[in-house]
$ cat protein.txt   # compact mmCIF, C-alpha atoms and all ligand atoms
# COMPACT_ATOMS: atom_id res chain seq x y z
CA MET Z 1 -81.43 -168.39 86.68
CA SER Z 2 -78.13 -166.98 87.93
CA ALA Z 3 -77.15 -167.36 91.57
CA ARG Z 4 -78.19 -164.55 93.91
CA SER Z 5 -75.10 -162.88 95.42
CA VAL Z 6 -75.37 -162.38 99.18
CA THR Z 7 -73.46 -160.60 101.93
CA VAL Z 8 -73.91 -161.53 105.58
CA LEU Z 9 -73.06 -158.84 108.14
CA GLY Z 10 -72.75 -160.53 111.53
CA ALA Z 11 -72.04 -163.92 109.95
CA THR Z 12 -70.85 -165.59 113.18
CA GLY Z 13 -73.96 -164.72 115.21
CA SER Z 14 -77.14 -166.65 115.78
CA VAL Z 15 -78.99 -165.06 112.81
CA GLY Z 16 -75.85 -164.99 110.63
CA LEU Z 17 -75.15 -168.71 111.10
CA ALA Z 18 -78.80 -169.60 110.48
CA THR Z 19 -78.65 -167.58 107.25
CA LEU Z 20 -75.49 -169.38 106.12
CA ASP Z 21 -77.07 -172.71 106.98
CA LEU Z 22 -79.92 -171.94 104.56
CA ILE Z 23 -77.50 -170.74 101.89
CA ARG Z 24 -75.43 -173.91 102.24
CA THR Z 25 -78.53 -176.11 101.95
CA ALA Z 26 -79.87 -174.25 98.91
CA GLY Z 27 -76.55 -174.76 97.13
CA ALA Z 28 -74.15 -172.78 94.94
CA GLU Z 29 -76.55 -172.68 92.00
CA ARG Z 30 -78.95 -170.56 94.12
CA PHE Z 31 -76.54 -168.37 96.12
CA SER Z 32 -72.98 -167.07 95.88
CA VAL Z 33 -71.35 -165.28 98.82
CA THR Z 34 -69.89 -161.80 98.28
CA ALA Z 35 -68.79 -160.80 101.79
CA LEU Z 36 -68.93 -161.98 105.38
CA THR Z 37 -68.23 -160.01 108.57
CA ALA Z 38 -67.74 -160.72 112.27
CA ASN Z 39 -66.43 -158.84 115.27
CA THR Z 40 -63.87 -160.85 117.27
CA ASN Z 41 -64.33 -164.47 116.26
CA ALA Z 42 -61.57 -164.64 113.63
CA VAL Z 43 -61.31 -168.42 113.77
CA GLU Z 44 -64.98 -168.95 112.95
CA LEU Z 45 -64.94 -166.25 110.27
CA ALA Z 46 -61.89 -167.82 108.61
CA ARG Z 47 -63.54 -171.25 108.69
CA LEU Z 48 -66.70 -169.86 107.04
CA ALA Z 49 -64.60 -168.01 104.46
CA LEU Z 50 -62.69 -171.12 103.41
CA GLU Z 51 -65.94 -173.03 103.08
CA LEU Z 52 -68.07 -170.40 101.30
CA ARG Z 53 -65.34 -168.57 99.31
CA PRO Z 54 -66.58 -164.96 99.57
CA ARG Z 55 -64.74 -162.17 97.74
CA PHE Z 56 -64.04 -160.32 100.97
CA VAL Z 57 -64.26 -160.87 104.73
CA ALA Z 58 -64.03 -158.25 107.47
CA LEU Z 59 -63.40 -158.46 111.17
CA GLY Z 60 -64.55 -155.57 113.37
CA ASP Z 61 -61.85 -155.98 116.00
CA PRO Z 62 -58.33 -155.39 114.59
CA ALA Z 63 -56.76 -157.10 117.62
CA ALA Z 64 -58.02 -160.46 116.34
CA ALA Z 65 -56.72 -159.87 112.79
CA PRO Z 66 -53.56 -162.02 113.09
CA ASP Z 67 -55.74 -165.12 113.52
CA LEU Z 68 -57.57 -164.25 110.31
CA ALA Z 69 -54.35 -163.51 108.45
CA ALA Z 70 -52.86 -166.83 109.53
CA VAL Z 71 -55.61 -168.71 107.71
CA LEU Z 72 -56.56 -166.41 104.82
CA ASP Z 73 -53.25 -165.02 103.59
CA GLY Z 74 -52.47 -166.91 100.41
CA SER Z 75 -56.01 -168.33 100.16
CA GLY Z 76 -57.09 -165.89 97.45
CA ILE Z 77 -59.74 -164.40 99.76
CA GLU Z 78 -59.27 -160.71 100.52
CA TRP Z 79 -59.77 -159.59 104.09
CA GLY Z 80 -59.69 -156.46 106.24
CA ALA Z 81 -60.04 -155.50 109.89
CA GLY Z 82 -61.60 -152.55 111.73
CA GLU Z 83 -64.83 -150.59 111.41
CA ASP Z 84 -63.98 -149.33 107.92
CA ALA Z 85 -63.37 -152.87 106.68
CA VAL Z 86 -66.82 -153.92 107.92
CA ALA Z 87 -68.36 -150.91 106.16
CA HIS Z 88 -66.37 -151.79 103.02
CA ALA Z 89 -67.78 -155.33 103.10
CA ALA Z 90 -71.28 -153.82 103.23
CA SER Z 91 -70.54 -151.52 100.31
CA LEU Z 92 -69.53 -154.29 97.87
CA ASP Z 93 -72.14 -154.98 95.25
CA ALA Z 94 -74.44 -157.86 96.25
CA ASP Z 95 -78.04 -158.66 95.31
CA TRP Z 96 -79.05 -159.36 98.90
CA THR Z 97 -77.58 -158.37 102.28
CA MET Z 98 -78.36 -159.79 105.69
CA ALA Z 99 -77.96 -157.04 108.33
CA ALA Z 100 -77.41 -159.17 111.44
CA ILE Z 101 -74.84 -157.26 113.50
CA VAL Z 102 -76.15 -156.78 117.02
CA GLY Z 103 -76.68 -153.29 118.41
CA ALA Z 104 -75.77 -149.80 117.29
CA ALA Z 105 -72.46 -151.23 116.01
CA GLY Z 106 -74.48 -152.27 112.96
CA LEU Z 107 -75.63 -148.73 112.12
CA LYS Z 108 -72.88 -147.73 109.73
CA PRO Z 109 -72.49 -150.97 107.73
CA THR Z 110 -76.26 -151.45 107.52
CA LEU Z 111 -76.71 -147.90 106.23
CA GLU Z 112 -73.95 -148.59 103.71
CA ALA Z 113 -75.89 -151.61 102.43
CA VAL Z 114 -79.18 -149.70 102.25
CA ARG Z 115 -77.55 -146.82 100.35
CA ARG Z 116 -76.07 -149.26 97.85
CA GLY Z 117 -79.51 -150.67 97.09
CA GLY Z 118 -80.61 -154.24 96.37
CA ALA Z 119 -82.48 -156.25 98.97
CA VAL Z 120 -81.56 -155.72 102.63
CA ALA Z 121 -82.83 -158.30 105.09
CA PHE Z 122 -83.15 -156.41 108.35
CA ALA Z 123 -82.42 -158.26 111.59
CA ASN Z 124 -80.47 -155.43 113.26
CA LYS Z 125 -83.52 -153.81 114.90
CA GLU Z 126 -81.35 -151.46 116.98
CA ALA Z 127 -80.35 -149.63 113.77
CA LEU Z 128 -83.99 -148.95 112.95
CA VAL Z 129 -84.72 -147.87 116.52
CA CYS Z 130 -81.86 -145.34 116.49
CA ALA Z 131 -82.26 -144.04 112.98
CA GLY Z 132 -85.54 -145.30 111.52
CA GLN Z 133 -86.26 -142.16 109.50
CA LEU Z 134 -82.77 -142.09 108.02
CA PHE Z 135 -82.97 -145.75 107.03
CA MET Z 136 -86.40 -145.47 105.47
CA GLN Z 137 -85.34 -142.34 103.59
CA ALA Z 138 -82.09 -143.98 102.43
CA ALA Z 139 -84.06 -147.00 101.19
CA SER Z 140 -86.47 -144.80 99.30
CA ASP Z 141 -83.56 -142.84 97.75
CA SER Z 142 -81.58 -145.91 96.66
CA GLY Z 143 -84.53 -148.14 95.85
CA ALA Z 144 -83.32 -150.75 98.37
CA ARG Z 145 -85.95 -153.31 99.32
CA LEU Z 146 -86.12 -153.71 103.10
CA LEU Z 147 -87.16 -157.22 104.08
CA PRO Z 148 -88.01 -157.59 107.78
CA VAL Z 149 -86.35 -160.60 109.43
CA ASP Z 150 -87.49 -160.16 113.02
CA SER Z 151 -90.08 -162.93 113.19
CA GLU Z 152 -92.97 -160.64 114.18
CA HIS Z 153 -92.21 -158.05 111.50
CA ASN Z 154 -91.60 -160.71 108.90
CA ALA Z 155 -95.00 -162.18 109.78
CA ILE Z 156 -96.72 -158.81 109.48
CA PHE Z 157 -94.88 -158.08 106.22
CA GLN Z 158 -96.46 -161.24 104.81
CA VAL Z 159 -100.04 -160.29 105.72
CA PHE Z 160 -99.90 -156.47 105.45
CA ASP Z 161 -101.81 -155.30 102.38
CA GLU Z 162 -99.70 -152.26 101.53
CA SER Z 163 -101.95 -151.35 98.59
CA ARG Z 164 -104.95 -150.99 100.94
CA ARG Z 165 -103.42 -149.32 103.97
CA ALA Z 166 -106.62 -147.42 104.71
CA GLY Z 167 -108.28 -150.72 105.60
CA ILE Z 168 -105.73 -151.53 108.30
CA ARG Z 169 -106.81 -150.83 111.87
CA ARG Z 170 -103.72 -151.98 113.74
CA ILE Z 171 -100.97 -154.55 113.82
CA ILE Z 172 -100.15 -156.91 116.68
CA LEU Z 173 -96.71 -158.16 117.65
CA THR Z 174 -96.69 -161.31 119.71
CA ALA Z 175 -94.23 -161.82 122.57
CA SER Z 176 -93.24 -165.10 124.18
CA GLY Z 177 -93.01 -163.28 127.52
CA GLY Z 178 -89.46 -164.54 128.07
CA PRO Z 179 -88.15 -166.52 131.07
CA PHE Z 180 -89.85 -164.27 133.67
CA LEU Z 181 -93.36 -164.39 132.27
CA HIS Z 182 -94.69 -165.94 135.49
CA ALA Z 183 -91.97 -164.75 137.90
CA SER Z 184 -92.74 -162.50 140.88
CA ALA Z 185 -91.19 -159.03 141.11
CA ASP Z 186 -88.94 -160.35 143.92
CA GLU Z 187 -87.73 -163.23 141.77
CA MET Z 188 -86.99 -160.80 138.94
CA LYS Z 189 -85.10 -158.53 141.32
CA ALA Z 190 -82.85 -161.42 142.36
CA ALA Z 191 -82.41 -162.85 138.84
CA LYS Z 192 -78.89 -163.67 137.73
CA PRO Z 193 -77.58 -163.51 134.13
CA GLY Z 194 -77.95 -167.29 133.75
CA ASP Z 195 -81.66 -167.10 134.69
CA ALA Z 196 -82.31 -164.25 132.28
CA LEU Z 197 -80.37 -165.89 129.41
CA ALA Z 198 -82.40 -169.10 129.65
CA HIS Z 199 -85.10 -168.30 127.11
CA PRO Z 200 -87.87 -170.90 127.17
CA ILE Z 201 -88.54 -170.90 123.41
CA TRP Z 202 -86.01 -169.11 121.23
CA SER Z 203 -82.28 -169.74 121.02
CA MET Z 204 -80.64 -166.35 120.33
CA GLY Z 205 -77.60 -164.16 121.00
CA ALA Z 206 -77.01 -162.90 124.58
CA LYS Z 207 -78.16 -159.30 124.08
CA ILE Z 208 -81.54 -160.10 122.55
CA SER Z 209 -82.08 -162.87 125.12
CA ILE Z 210 -81.77 -160.33 127.96
CA ASP Z 211 -83.97 -157.92 126.00
CA SER Z 212 -86.60 -160.66 125.81
CA ALA Z 213 -86.43 -161.16 129.57
CA THR Z 214 -87.02 -157.43 130.25
CA MET Z 215 -89.40 -157.21 127.27
CA MET Z 216 -87.31 -154.30 126.01
CA ASN Z 217 -87.03 -156.48 122.93
CA LYS Z 218 -90.75 -155.91 122.35
CA GLY Z 219 -90.32 -152.22 123.12
CA LEU Z 220 -87.62 -151.98 120.44
CA GLU Z 221 -89.84 -154.00 118.12
CA ILE Z 222 -92.73 -151.54 118.55
CA ILE Z 223 -90.43 -148.77 117.29
CA GLU Z 224 -89.05 -151.03 114.55
CA ALA Z 225 -92.62 -151.75 113.38
CA CYS Z 226 -93.57 -148.05 113.38
CA HIS Z 227 -90.74 -147.37 110.92
CA LEU Z 228 -91.09 -150.46 108.74
CA PHE Z 229 -94.85 -150.11 108.32
CA ALA Z 230 -95.16 -146.30 108.65
CA LEU Z 231 -97.58 -146.45 111.56
CA GLY Z 232 -98.02 -144.47 114.79
CA HIS Z 233 -97.27 -146.54 117.89
CA GLU Z 234 -100.92 -146.44 118.97
CA LYS Z 235 -101.53 -148.74 115.98
CA VAL Z 236 -98.97 -151.28 117.22
CA ASP Z 237 -100.17 -153.61 119.96
CA VAL Z 238 -98.40 -156.35 121.87
CA LEU Z 239 -99.92 -159.68 122.83
CA VAL Z 240 -98.18 -162.23 125.01
CA HIS Z 241 -98.31 -165.64 123.35
CA PRO Z 242 -96.03 -168.08 125.19
CA GLU Z 243 -96.08 -170.80 122.50
CA SER Z 244 -94.64 -168.36 119.88
CA ILE Z 245 -96.51 -169.98 117.01
CA VAL Z 246 -98.47 -166.95 115.80
CA HIS Z 247 -95.76 -164.37 115.10
CA GLY Z 248 -97.70 -161.30 114.06
CA LEU Z 249 -101.18 -160.17 113.03
CA VAL Z 250 -102.83 -157.41 111.03
CA GLU Z 251 -106.34 -156.31 111.94
CA TYR Z 252 -108.44 -154.97 109.07
CA ALA Z 253 -111.38 -152.56 109.13
CA ASP Z 254 -113.92 -155.33 108.56
CA GLY Z 255 -112.87 -157.02 111.80
CA GLY Z 256 -110.78 -159.70 110.10
CA LEU Z 257 -107.35 -160.57 111.45
CA LEU Z 258 -104.65 -162.03 109.23
CA ALA Z 259 -101.86 -163.85 111.04
CA GLN Z 260 -98.73 -165.71 110.05
CA MET Z 261 -97.81 -168.87 111.96
CA GLY Z 262 -94.78 -171.11 112.10
CA ALA Z 263 -92.60 -173.06 114.49
CA PRO Z 264 -90.44 -170.75 116.62
CA ASP Z 265 -87.38 -171.15 114.42
CA MET Z 266 -85.63 -168.12 112.91
CA ARG Z 267 -84.80 -170.11 109.79
CA THR Z 268 -88.39 -169.62 108.57
CA PRO Z 269 -88.43 -165.79 108.55
CA ILE Z 270 -84.82 -165.73 107.32
CA ALA Z 271 -85.72 -168.13 104.49
CA HIS Z 272 -88.69 -165.93 103.60
CA ALA Z 273 -86.36 -162.94 103.21
CA LEU Z 274 -83.61 -164.97 101.50
CA GLY Z 275 -85.86 -166.46 98.86
CA TRP Z 276 -88.17 -163.43 98.48
CA PRO Z 277 -90.34 -163.25 96.48
CA ASP Z 278 -89.97 -167.02 96.01
CA ARG Z 279 -90.22 -169.58 98.80
CA LEU Z 280 -87.25 -171.69 99.84
CA GLU Z 281 -87.48 -175.24 101.08
CA THR Z 282 -86.24 -175.55 104.71
CA SER Z 283 -85.84 -178.40 107.15
CA VAL Z 284 -87.72 -176.51 109.88
CA ALA Z 285 -90.00 -178.86 111.83
CA ARG Z 286 -93.51 -178.74 110.37
CA LEU Z 287 -96.22 -177.38 112.60
CA ASP Z 288 -98.56 -180.00 113.99
CA LEU Z 289 -101.47 -177.91 115.24
CA ALA Z 290 -103.44 -180.96 116.36
CA ALA Z 291 -100.54 -182.01 118.58
CA LEU Z 292 -100.30 -178.47 119.99
CA GLY Z 293 -104.04 -178.51 120.74
CA LYS Z 294 -104.36 -174.93 121.90
CA LEU Z 295 -102.68 -171.57 121.68
CA THR Z 296 -102.88 -168.98 124.46
CA PHE Z 297 -102.78 -165.19 124.40
CA PHE Z 298 -102.88 -162.52 127.07
CA ALA Z 299 -102.01 -158.88 127.71
CA PRO Z 300 -98.49 -158.01 128.94
CA ASP Z 301 -98.07 -156.95 132.58
CA PRO Z 302 -97.11 -153.24 132.49
CA ASP Z 303 -95.82 -153.24 136.08
CA ARG Z 304 -93.26 -156.03 135.83
CA PHE Z 305 -92.30 -155.03 132.27
CA PRO Z 306 -92.02 -151.21 132.25
CA ALA Z 307 -89.76 -151.40 129.17
CA LEU Z 308 -92.81 -151.43 126.89
CA ARG Z 309 -94.03 -148.09 128.23
CA ILE Z 310 -90.51 -146.61 128.27
CA ALA Z 311 -90.00 -147.50 124.60
CA ARG Z 312 -93.34 -146.00 123.57
CA GLU Z 313 -92.50 -142.79 125.46
CA ALA Z 314 -89.10 -142.58 123.76
CA PHE Z 315 -90.70 -143.02 120.35
CA ASP Z 316 -93.28 -140.33 121.18
CA ALA Z 317 -90.56 -137.95 122.37
CA GLY Z 318 -88.76 -138.50 119.06
CA GLY Z 319 -85.50 -136.74 118.14
CA CYS Z 320 -82.62 -138.14 120.12
CA ALA Z 321 -84.76 -140.18 122.52
CA PRO Z 322 -84.97 -143.52 120.65
CA ALA Z 323 -81.18 -143.53 120.10
CA VAL Z 324 -80.66 -142.74 123.80
CA LEU Z 325 -83.10 -145.53 124.71
CA ASN Z 326 -81.21 -148.00 122.58
CA ALA Z 327 -77.72 -146.98 123.71
CA ALA Z 328 -78.71 -146.89 127.39
CA ASN Z 329 -80.26 -150.33 127.03
CA GLU Z 330 -77.09 -151.75 125.44
CA VAL Z 331 -75.00 -150.35 128.32
CA ALA Z 332 -77.47 -151.61 130.93
CA VAL Z 333 -77.67 -155.11 129.43
CA GLN Z 334 -73.87 -155.36 129.40
CA ALA Z 335 -73.67 -154.08 132.99
CA PHE Z 336 -76.21 -156.70 134.08
CA LEU Z 337 -74.28 -159.45 132.27
CA ASN Z 338 -71.09 -158.23 134.00
CA GLY Z 339 -72.79 -158.46 137.40
CA GLN Z 340 -72.65 -154.68 138.03
CA ILE Z 341 -76.40 -154.08 138.32
CA GLY Z 342 -79.49 -156.13 139.09
CA PHE Z 343 -82.05 -157.28 136.55
CA LEU Z 344 -84.66 -154.65 137.42
CA ASP Z 345 -81.96 -151.95 137.23
CA ILE Z 346 -81.83 -152.47 133.44
CA ALA Z 347 -85.14 -150.69 132.85
CA SER Z 348 -84.35 -148.15 135.60
CA THR Z 349 -81.03 -147.32 133.92
CA VAL Z 350 -82.74 -146.73 130.58
CA SER Z 351 -85.47 -144.64 132.14
CA ASP Z 352 -82.95 -142.60 134.13
CA ALA Z 353 -80.83 -141.94 131.02
CA LEU Z 354 -83.89 -140.84 129.05
CA ASP Z 355 -85.01 -138.47 131.83
CA ARG Z 356 -81.59 -136.87 132.04
CA ALA Z 357 -81.30 -136.61 128.26
CA THR Z 358 -84.39 -134.39 128.16
CA ARG Z 359 -82.46 -131.88 130.28
CA GLU Z 360 -79.51 -131.85 127.87
CA ASP Z 361 -79.06 -129.96 124.67
CA THR Z 362 -79.49 -132.91 122.30
CA PRO Z 363 -78.90 -132.65 118.53
CA GLN Z 364 -81.59 -132.64 115.85
CA LEU Z 365 -81.72 -136.07 114.32
CA ASP Z 366 -81.21 -135.08 110.71
CA ASP Z 367 -78.08 -136.96 109.77
CA PHE Z 368 -76.00 -139.95 110.66
CA ASP Z 369 -73.52 -137.99 112.79
CA ALA Z 370 -76.39 -136.71 114.93
CA VAL Z 371 -77.50 -140.31 115.53
CA LEU Z 372 -74.00 -141.19 116.68
CA ALA Z 373 -73.96 -138.12 118.96
CA CYS Z 374 -77.29 -139.21 120.53
CA ASP Z 375 -75.93 -142.74 120.91
CA ALA Z 376 -72.91 -141.33 122.75
CA ILE Z 377 -75.15 -139.28 125.07
CA GLY Z 378 -77.18 -142.41 125.88
CA ARG Z 379 -74.01 -144.37 126.66
CA ARG Z 380 -72.60 -141.66 128.91
CA LEU Z 381 -75.84 -141.14 130.86
CA ALA Z 382 -76.41 -144.88 131.23
CA GLY Z 383 -72.81 -145.32 132.39
CA ASP Z 384 -73.48 -142.73 135.14
CA ALA Z 385 -76.70 -144.50 136.14
CA VAL Z 386 -74.97 -147.90 136.26
CA ALA Z 387 -72.27 -146.42 138.54
CA ARG Z 388 -74.96 -145.06 140.88
CA PHE Z 389 -76.98 -148.31 140.94
CA SER Z 390 -73.93 -150.50 141.53
CA ARG Z 391 -72.63 -148.17 144.28
CA ALA Z 392 -76.04 -148.29 145.98
CA ALA Z 393 -76.06 -152.09 145.76
CA ARG Z 394 -72.55 -152.33 147.28
CA LEU Z 395 -73.50 -150.00 150.15
CA LYS Z 396 -76.57 -152.12 150.84
CA ASP Z 397 -74.50 -155.33 150.81
CA ASN Z 398 -71.93 -153.83 153.19
CA GLY Z 399 -74.43 -152.23 155.51
P1 LIG Q 401 -75.32 -162.54 118.12
O1 LIG Q 401 -74.77 -161.90 119.33
O2 LIG Q 401 -75.51 -164.00 118.09
O3 LIG Q 401 -74.42 -162.13 116.84
C1 LIG Q 401 -74.06 -160.81 116.60
C2 LIG Q 401 -73.17 -160.68 115.39
O4 LIG Q 401 -72.77 -159.31 115.30
C3 LIG Q 401 -71.89 -161.51 115.45
O5 LIG Q 401 -71.55 -161.99 114.17
C4 LIG Q 401 -70.85 -160.50 115.90
O6 LIG Q 401 -69.55 -160.81 115.46
C5 LIG Q 401 -71.35 -159.24 115.24
N1 LIG Q 401 -70.92 -158.02 115.96
C6 LIG Q 401 -71.13 -157.74 117.27
N2 LIG Q 401 -70.56 -156.55 117.59
C7 LIG Q 401 -69.96 -156.10 116.46
C8 LIG Q 401 -69.18 -154.96 116.15
N3 LIG Q 401 -68.87 -154.04 117.09
N4 LIG Q 401 -68.71 -154.82 114.87
C9 LIG Q 401 -68.99 -155.75 113.93
N5 LIG Q 401 -69.72 -156.86 114.17
C10 LIG Q 401 -70.20 -157.02 115.41
O7 LIG Q 401 -76.71 -161.77 117.82
P2 LIG Q 401 -78.02 -162.36 117.11
O8 LIG Q 401 -78.87 -163.00 118.12
O9 LIG Q 401 -77.65 -163.09 115.87
O10 LIG Q 401 -78.75 -161.01 116.72
C11 LIG Q 401 -78.34 -160.20 115.63
C12 LIG Q 401 -79.40 -159.12 115.38
O11 LIG Q 401 -80.60 -159.77 114.97
C13 LIG Q 401 -79.74 -158.32 116.63
O12 LIG Q 401 -80.00 -157.00 116.26
C14 LIG Q 401 -81.01 -158.98 117.13
O13 LIG Q 401 -81.86 -158.11 117.84
C15 LIG Q 401 -81.66 -159.42 115.83
N6 LIG Q 401 -82.56 -160.56 115.97
C16 LIG Q 401 -82.08 -161.75 116.40
C17 LIG Q 401 -82.92 -162.84 116.55
C18 LIG Q 401 -82.41 -164.19 116.99
O14 LIG Q 401 -83.16 -165.14 117.01
N7 LIG Q 401 -81.16 -164.33 117.36
C19 LIG Q 401 -84.29 -162.70 116.26
C20 LIG Q 401 -84.75 -161.47 115.82
C21 LIG Q 401 -83.87 -160.40 115.67
MG MG Q 402 -88.72 -160.58 117.37
$ encode --input "protein.txt" --output "structure tokens" --more "lines below"
Ligand code: NAD
Ligand code: MG
Amino acid sequence: MSARSVTVLGATGSVGLATLDLIRTAGAERFSVTALTANTNAVELARLALELRPRFVALGDPAAAPDLAAVLDGSGIEWGAGEDAVAHAASLDADWTMAAIVGAAGLKPTLEAVRRGGAVAFANKEALVCAGQLFMQAASDSGARLLPVDSEHNAIFQVFDESRRAGIRRIILTASGGPFLHASADEMKAAKPGDALAHPIWSMGAKISIDSATMMNKGLEIIEACHLFALGHEKVDVLVHPESIVHGLVEYADGGLLAQMGAPDMRTPIAHALGWPDRLETSVARLDLAALGKLTFFAPDPDRFPALRIAREAFDAGGCAPAVLNAANEVAVQAFLNGQIGFLDIASTVSDALDRATREDTPQLDDFDAVLACDAIGRRLAGDAVARFSRAARLKDNG
């Protein structure tokens, strides 16, 4: 069996590093690395390149290129910097691509990988939220195999009987509930970035950690699931499950529920996608259900976590709305991390941007440029909302 060639987009992130860890453990006879990309962390990217010897590496931010050049020039490894270089990395022929860039920044390279074909392991949920139809169409045109990496979607993928869709009643995404599962509304209002970043179960990048705290992560995942499994959102339910052992469930017409379980460690869903259709050996801690004793489940609180409703409404509205939702959320999360707005202002910013977008002349979402135009509208409207919320907070502090 020849080695599977792999490209990792977002190689220096939490999902990217976990992917490379599995590749390293499986060994060169199983995997060879075609391309790696990162945004600003040239030092880490260069280190990974020297170790894994890809054909090409790309850095999103050209300002950091000299650090990459200093290590890679003369090494025999080609490199490039800037958005086009990242897209070029994605376009190189590889059997399997991990799409793990965070946010809408991953749209273009991920689409490049899907258009090329092969297997595309999808972690970059924001790309599916913004442009789900385009991605699913591109995959069907190129024959690319989309392998869900998000733990809930990966779980559902494993227990979803595609050949008997008519027998499926609904799917259920579980949610850990994040750090504010039991917090009061007042505590959430006063939350600082450090409180919101401290996820009780999962160790992840900053953006998705804040999304977990607002539960916008689950809102984005509802939309992601609708596209991946071709379902209306009324067939996608959310269940809070603080232990994060059961990752996703499919309910069948006969009343049976099929679930996938595993320790809350992203290496398991990533390994499932990396080895697919075979299973890879991992060093993930084995589940000891007897030691766990019990698992708990309950319904999410719609009042403290309005993001779930906001995401469903954006999906229902269709057109530009999901891309506006995503862009506004990215702006709001960054503004919260920068200390410009409060924690509860994140959902308010998104909701405000969506309301205002309905009064604008937004484009039809029929091509990639239209998605980028909707993304830009979301960023502008959210920027306005952030300015209003932060001004209001300053006036309150001064008065
Ligand atoms: P991260 O912040 O740890 O890493 C993000 C990666 O994207 C980095 O390699 C970074 O260099 C790259 N990147 C960021 N901006 C870029 C840009 N403008 N151009 C090119 N590259 C850019 O994020 P993460 O936690 O690894 O998450 C990656 C994706 O996977 C996200 O979409 C997230 O929602 C999804 N995801 C993550 C987890 C998890 O456990 N971390 C779980 C499920 C889904
Ligand atoms: Mg998830």
$ residues_near_ligand --input "protein.txt" --ligand "ligand MG 402 (chain Q)" --cutoff "12 Å" --atoms "only C-alpha atoms and all ligand atoms" --output "PyMOL selection string"
chain Z and resi 15+122-126+148-156+173-178+201-204+208-209+211-212+215-225+238+244+246-248+264-266+269-270
$ write_last_selection --input "protein.txt" --atoms "C-alpha atoms" --output "JSON list (two decimals), in the coordinates of the input"
[["chain", "number", "residue", "atom", "x", "y", "z"],
["Z", 15, "VAL", "CA", -78.99, -165.06, 112.81],
["Z", 122, "PHE", "CA", -83.15, -156.41, 108.35],
["Z", 123, "ALA", "CA", -82.42, -158.26, 111.59],
["Z", 124, "ASN", "CA", -80.47, -155.43, 113.26],
["Z", 125, "LYS", "CA", -83.52, -153.81, 114.90],
["Z", 126, "GLU", "CA", -81.35, -151.46, 116.98],
["Z", 148, "PRO", "CA", -88.01, -157.59, 107.78],
["Z", 149, "VAL", "CA", -86.35, -160.60, 109.43],
["Z", 150, "ASP", "CA", -87.49, -160.16, 113.02],
["Z", 151, "SER", "CA", -90.08, -162.93, 113.19],
["Z", 152, "GLU", "CA", -92.97, -160.64, 114.18],
["Z", 153, "HIS", "CA", -92.21, -158.05, 111.50],
["Z", 154, "ASN", "CA", -91.60, -160.71, 108.90],
["Z", 155, "ALA", "CA", -95.00, -162.18, 109.78],
["Z", 156, "ILE", "CA", -96.72, -158.81, 109.48],
["Z", 173, "LEU", "CA", -96.71, -158.16, 117.65],
["Z", 174, "THR", "CA", -96.69, -161.31, 119.71],
["Z", 175, "ALA", "CA", -94.23, -161.82, 122.57],
["Z", 176, "SER", "CA", -93.24, -165.10, 124.18],
["Z", 177, "GLY", "CA", -93.01, -163.28, 127.52],
["Z", 178, "GLY", "CA", -89.46, -164.54, 128.07],
["Z", 201, "ILE", "CA", -88.54, -170.90, 123.41],
["Z", 202, "TRP", "CA", -86.01, -169.11, 121.23],
["Z", 203, "SER", "CA", -82.28, -169.74, 121.02],
["Z", 204, "MET", "CA", -80.64, -166.35, 120.33],
["Z", 208, "ILE", "CA", -81.54, -160.10, 122.55],
["Z", 209, "SER", "CA", -82.08, -162.87, 125.12],
["Z", 211, "ASP", "CA", -83.97, -157.92, 126.00],
["Z", 212, "SER", "CA", -86.60, -160.66, 125.81],
["Z", 215, "MET", "CA", -89.40, -157.21, 127.27],
["Z", 216, "MET", "CA", -87.31, -154.30, 126.01],
["Z", 217, "ASN", "CA", -87.03, -156.48, 122.93],
["Z", 218, "LYS", "CA", -90.75, -155.91, 122.35],
["Z", 219, "GLY", "CA", -90.32, -152.22, 123.12],
["Z", 220, "LEU", "CA", -87.62, -151.98, 120.44],
["Z", 221, "GLU", "CA", -89.84, -154.00, 118.12],
["Z", 222, "ILE", "CA", -92.73, -151.54, 118.55],
["Z", 223, "ILE", "CA", -90.43, -148.77, 117.29],
["Z", 224, "GLU", "CA", -89.05, -151.03, 114.55],
["Z", 225, "ALA", "CA", -92.62, -151.75, 113.38],
["Z", 238, "VAL", "CA", -98.40, -156.35, 121.87],
["Z", 244, "SER", "CA", -94.64, -168.36, 119.88],
["Z", 246, "VAL", "CA", -98.47, -166.95, 115.80],
["Z", 247, "HIS", "CA", -95.76, -164.37, 115.10],
["Z", 248, "GLY", "CA", -97.70, -161.30, 114.06],
["Z", 264, "PRO", "CA", -90.44, -170.75, 116.62],
["Z", 265, "ASP", "CA", -87.38, -171.15, 114.42],
["Z", 266, "MET", "CA", -85.63, -168.12, 112.91],
["Z", 269, "PRO", "CA", -88.43, -165.79, 108.55],
["Z", 270, "ILE", "CA", -84.82, -165.73, 107.32]]
$ closest_residue --input "protein.txt" --among "Z:Phe180, Z:Ala42, Z:Glu78, Z:Ala323" --to "Pro54 of chain Z" --atoms "all atoms listed in the file"
Z:Glu78
$ residues_around --input "protein.txt" --residues "Gly275 of chain Z" --least-positions-apart "2" --cutoff "10 Å" --atoms "only C-alpha atoms" --output "list in words"
Arg4, Leu22, Ile23, Ala26, Arg30, Phe31, Trp96, Ile270, Ala271, His272, Ala273, Pro277, Asp278, Arg279, Leu280 and Glu281 of chain Z
$ closest_residue --input "protein.txt" --among "Z:Leu239, Z:Val386, Z:Leu257, Z:Ile377" --to "Pro300 of chain Z" --atoms "only C-alpha atoms"
Z:Leu239
